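Have a look at the structure below before the remarks.
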Amino acid sequence: MSQDYNFISDWVKPQSKVLDLGCGDGSLLADLQRQRGILGYGLEIDPQSINQCISKGINVIEQDLNKGLTNFADDSFDTVVMTQALQAMRYPHLVLDEMLRIGQQCIITFPNFGYWRTRAYLNFRGRMPVTKQLAYQWYDTPNIHFFTYKDFESLCYERQIEVVHRECLAESFVDRKLKAIWPNLFTQTAVYHLSR
Amino acid sequence: MLPDHLPDHSVGVVTSQTVTIEQPLKLACGVVLPTHELVYETYGELNGERNNAVLICHALSGDHHAAGYYETEDRPGWWDHYIGPGKPIDTNHFFVVCLNNIGSCFGSTGPMSINAETGEPWGASFPSLRARDWVESQKLLMEYLSIECWAAVIGGSLGGMQAMRWSLEHPNKLLNAVVIASSMKLTAQNIAFNEIARRAIKSDPDFCNGSYLQEQKAPLRGLALARMIGHVTYLSDELMGQKFGRELRIGDLVDRNADPVEFQVESYLNYQGDKFSDSFDANSYILITKMLDYFDLSREYDNDPVAAFKQARCNFLVMSFSSDWRFAPQRSREITDALLAAGKSVSYVEIESDKGHDAFLLPNDRYEQALKNYLARVAQQLTGDAR
């Protein structure tokens, strides 16, 4: 999903302070450090990912996002990022609030469960979708909250969160053409740039 | 005796060196030591740029013998598992320096040394010490070795306190601080355990108010008891359960006439206490536990750890162990949060372990890997290989 990152880097101010929630192997922070000269920190709980970050010289803090982010002060970061992890949070709406408390702005990417292939899978097979992007069986998945592009839009509306940018990503040529008309149906990955 | 075959990745047979530091050392309490002796060991080679030196800071009962073997002993130094060629603190890349700090009792100037002014051992009159005094003394050794800047200062427990103090006192003299199972200040519970240990020593009639050397006595029972208390707090409940359970060494609890009964854990603790009291000095124990109690990283920064860490210029690696209740993970989190708020480069790893505070000295794959990856990066940067 490295194509997410290009947008993200455009939205991050050079030399700013960035917190990446669930930073994985630290690739995004490494890119942002190189391209924008940011001071970055990642939060992660997977030991192997933590080791990869350390090897890359990425600041990584072992912390479970589900246990809260109360150790971070209001406005302590310019940007708080979360890629492909909101659906794995215990309380996504509270995490979103926390991200906007800690950061001036935040950037979120998530898999759109309203994508036509996912819908077709459920519709025709009658089973929970197992796709390339959501490659887990229902009983053994970190992804405990499935939501669509539309769901997220309405959450932002309800919570009066300002959507600064939104980008809809899709892999195939046809999907990319059609997502402009029916974003909820043809977006695979949604990328949001939010502020309070 | 030295084992027949030294294990792979050992630094091999080592010897210690002694240096008399001729510059006066002004201690935090105001007393000036006109000269002092330091015993130290080094492993690996100092490179041409003299920029690959790593300082190891020992904790309460540690010494200068961190790695390798002495000709006369079968056990290696206290941190041998982590120091050596191919080990996390890799002597193929680093020149590792470990010294016995002043106030301790393994050859460096301390309570057992002769006070030149009186011609008697210092004993209990040895000046009160702070962690910063150890740092200043280490800095004098650094100058003696013509090292401009440490690639890293590394320490666990009280050693981590020294690493943090280095980063504030001499921010340009180190590139990395590795702070393991440490704390910015002791909790009340921690101070309480230290006071119980000191009271145990002082209650021994052979303590003689600290003048036991002059009286040709040694408060072995008091010191052993102090160590037994400490030892319990360094282990976790789980580990003691696993290691000893309710196993008996002598006797039988079913047969009521089979007295005496001794649990394995009793025998173990008594052995540890006696072993320690044979090798450690009671006045040093009192002195260094007080140094631990007095340590407060941010006292002179308005009790604001963020303001304190703003002085630092180095990168930090902070590590803790899940079952350590003497220097709990929360203490390391506080260090990490303060560093984050101060905008410093920091990584924090909480290692799953059932070994309590002692875990920082023991083998643990994850701990090893994190330290190794971090220091490999440091080594790369020294040679300019890093992207």
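By order in the structure tokens, chains are A, B, ...; within a chain, residues start at 1; ligands start at 1, following the order shown.
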
Q: Within 12 Å of Gln133 in chain A, counting only C-alpha atoms, which residues show up once you throw out same-chain ones fewer than 5 positions away? Write them as number ranges by chain, please.
A: A: 1, 84, 110-113, 115, 117-118, 143, 170-171, 188-189

Restrict the selected residues to C-alpha atoms and save them as a PDB file, in the first residue's frame.
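Contents of again06.pdb, as written:
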ATOM      1  CA  MET A   1       0.000   0.000   0.000  1.00  0.00           C
ATOM      2  CA  GLN A  84      -4.811   0.810   7.980  1.00  0.00           C
ATOM      3  CA  PHE A 110      -8.514   2.585   6.017  1.00  0.00           C
ATOM      4  CA  PRO A 111      -9.829  -0.222   3.835  1.00  0.00           C
ATOM      5  CA  ASN A 112     -13.275   0.630   2.452  1.00  0.00           C
ATOM      6  CA  PHE A 113     -15.615  -2.220   3.281  1.00  0.00           C
ATOM      7  CA  TYR A 115     -15.795  -1.611  -2.145  1.00  0.00           C
ATOM      8  CA  ARG A 117     -15.593  -6.696  -4.570  1.00  0.00           C
ATOM      9  CA  THR A 118     -16.131  -6.953  -0.822  1.00  0.00           C
ATOM     10  CA  ASN A 143      -9.965  -6.069  12.109  1.00  0.00           C
ATOM     11  CA  ALA A 170      -8.164   1.847  -6.198  1.00  0.00           C
ATOM     12  CA  GLU A 171      -5.885  -0.524  -8.053  1.00  0.00           C
ATOM     13  CA  GLN A 188     -10.415   0.239  -2.004  1.00  0.00           C
ATOM     14  CA  THR A 189      -8.471   2.420   0.370  1.00  0.00           C
TER      15      THR A 189
END

Q. Could you pull the residues within 6 Å of range 53-66 of chain B, counting only C-alpha atoms, minus those fewer than 5 positions along the same chain, as a list of chain:residue names?
A.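 My reading of the contact set: B:Tyr40, B:Glu41, B:Gly77, B:Trp78, B:Trp79, B:Phe94, B:Phe95, B:Val96, B:Val97, B:Cys98, B:Leu99, B:Asn100, B:Trp150, B:Ala151, B:Ala152, B:Val153, B:Ile154, B:Gly155, B:Ser157, B:Leu158, B:Gly159.
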
Q) Quick one: DSSP strand (DSSP E) residues in chain A, as a PyMOL selection string? A) chain A and resi 17-21+39-44+59-62+77-83+103-111+162-169+189-195

Near Phe316 in chain B, within 6 Å and counting only C-alpha atoms, which residues show up once chain neighbours fewer than 4 positions away are dropped, as a CSV table (one decimal) with C-alpha atoms, in the first residue's frame?
chain,number,residue,atom,x,y,z
B,176,ASN,CA,23.6,7.7,22.6
B,177,ALA,CA,22.3,6.8,26.0
B,178,VAL,CA,20.9,3.3,26.7
B,346,VAL,CA,13.9,8.0,21.8

Q: Give me, as a list in words, the contact residues of chain B against chain A at a cut-off of 8 Å, counting only C-alpha atoms.
A: Asp337, Ala341, Gly343, Ser345, Val346, Ser347, Tyr348, Val349, Glu350, Arg366, Gln369, Ala370, Asn373, Tyr374, Ala376 and Arg377 of chain B

Q: Please give the complete set of residues from range 170-310 of chain B that DSSP, run on the backbone, assigns to alpha helix (DSSP H), formatted as a PyMOL selection string.
A: chain B and resi 188-203+220-234+237-243+264-279+282-294+305-309

Q. To one decimal place, how far is CA of Asn190 in chain B from CA of Thr233 in chain B in Å?
A.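 Calculated distance between CA of Asn190 in chain B and CA of Thr233 in chain B is 9.2 Å.
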
Q: Kindly give the distance, in Å, that separates CA of Asp74 in chain A and CA of Ala342 in chain B, rounded to a single decimal.
A: 14.2 Å

Q: Just give me the gap between CA of Leu122 in chain A and CA of Arg166 in chain A in Å, one decimal is fine.
A: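 Distance between the two atoms: 26.5 Å.
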
Q | Near-Phe193 in chain B list (10 Å; only C-alpha atoms; drop same-chain fewer than 4 positions) as a PyMOL selection string | A | chain B and resi 188-189+197-199+226+229-230+233+289+326

May I have the residues within 8 Å of range 208-217 of chain B as an mmCIF file with C-alpha atoms, in the first residue's frame, using only C-alpha atoms and disregarding those fewer than 5 positions away in the same chain?
data_model
loop_
_atom_site.group_PDB
_atom_site.id
_atom_site.type_symbol
_atom_site.label_atom_id
_atom_site.label_comp_id
_atom_site.auth_asym_id
_atom_site.auth_seq_id
_atom_site.Cartn_x
_atom_site.Cartn_y
_atom_site.Cartn_z
ATOM 1 C CA MET B 112 37.996 0.736 52.287
ATOM 2 C CA GLU B 120 43.121 5.351 58.468
ATOM 3 C CA PRO B 121 40.519 3.760 56.199
ATOM 4 C CA GLY B 123 35.059 3.790 56.528
ATOM 5 C CA ALA B 124 31.763 5.491 57.282
ATOM 6 C CA LYS B 202 23.927 -0.991 61.184
ATOM 7 C CA ASN B 283 30.026 1.017 54.144
#

(Q) So that I can see what lies close to Ile180 in chain B, please list as a ChimeraX atom specification the residues with an atom at most 9 Å from it, counting only C-alpha atoms and leaving out residues fewer than 3 positions away in the same chain. (A) /B:154-157,159-160,183,317-321,332,360

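The nearest approach to Asp293 in chain B among the residues B:Asp324, B:Gly273, B:Glu195, B:Gly222, with only C-alpha atoms taken into account, belongs to B:Glu195.
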
Q: Find the spatial neighbours of Ser108 in chain B, counting only C-alpha atoms, within a cut-off of 8 Å - ignore same-chain residues fewer than 5 positions away - and output them as a ChimeraX atom specification.
A: /B:36-39,100-103
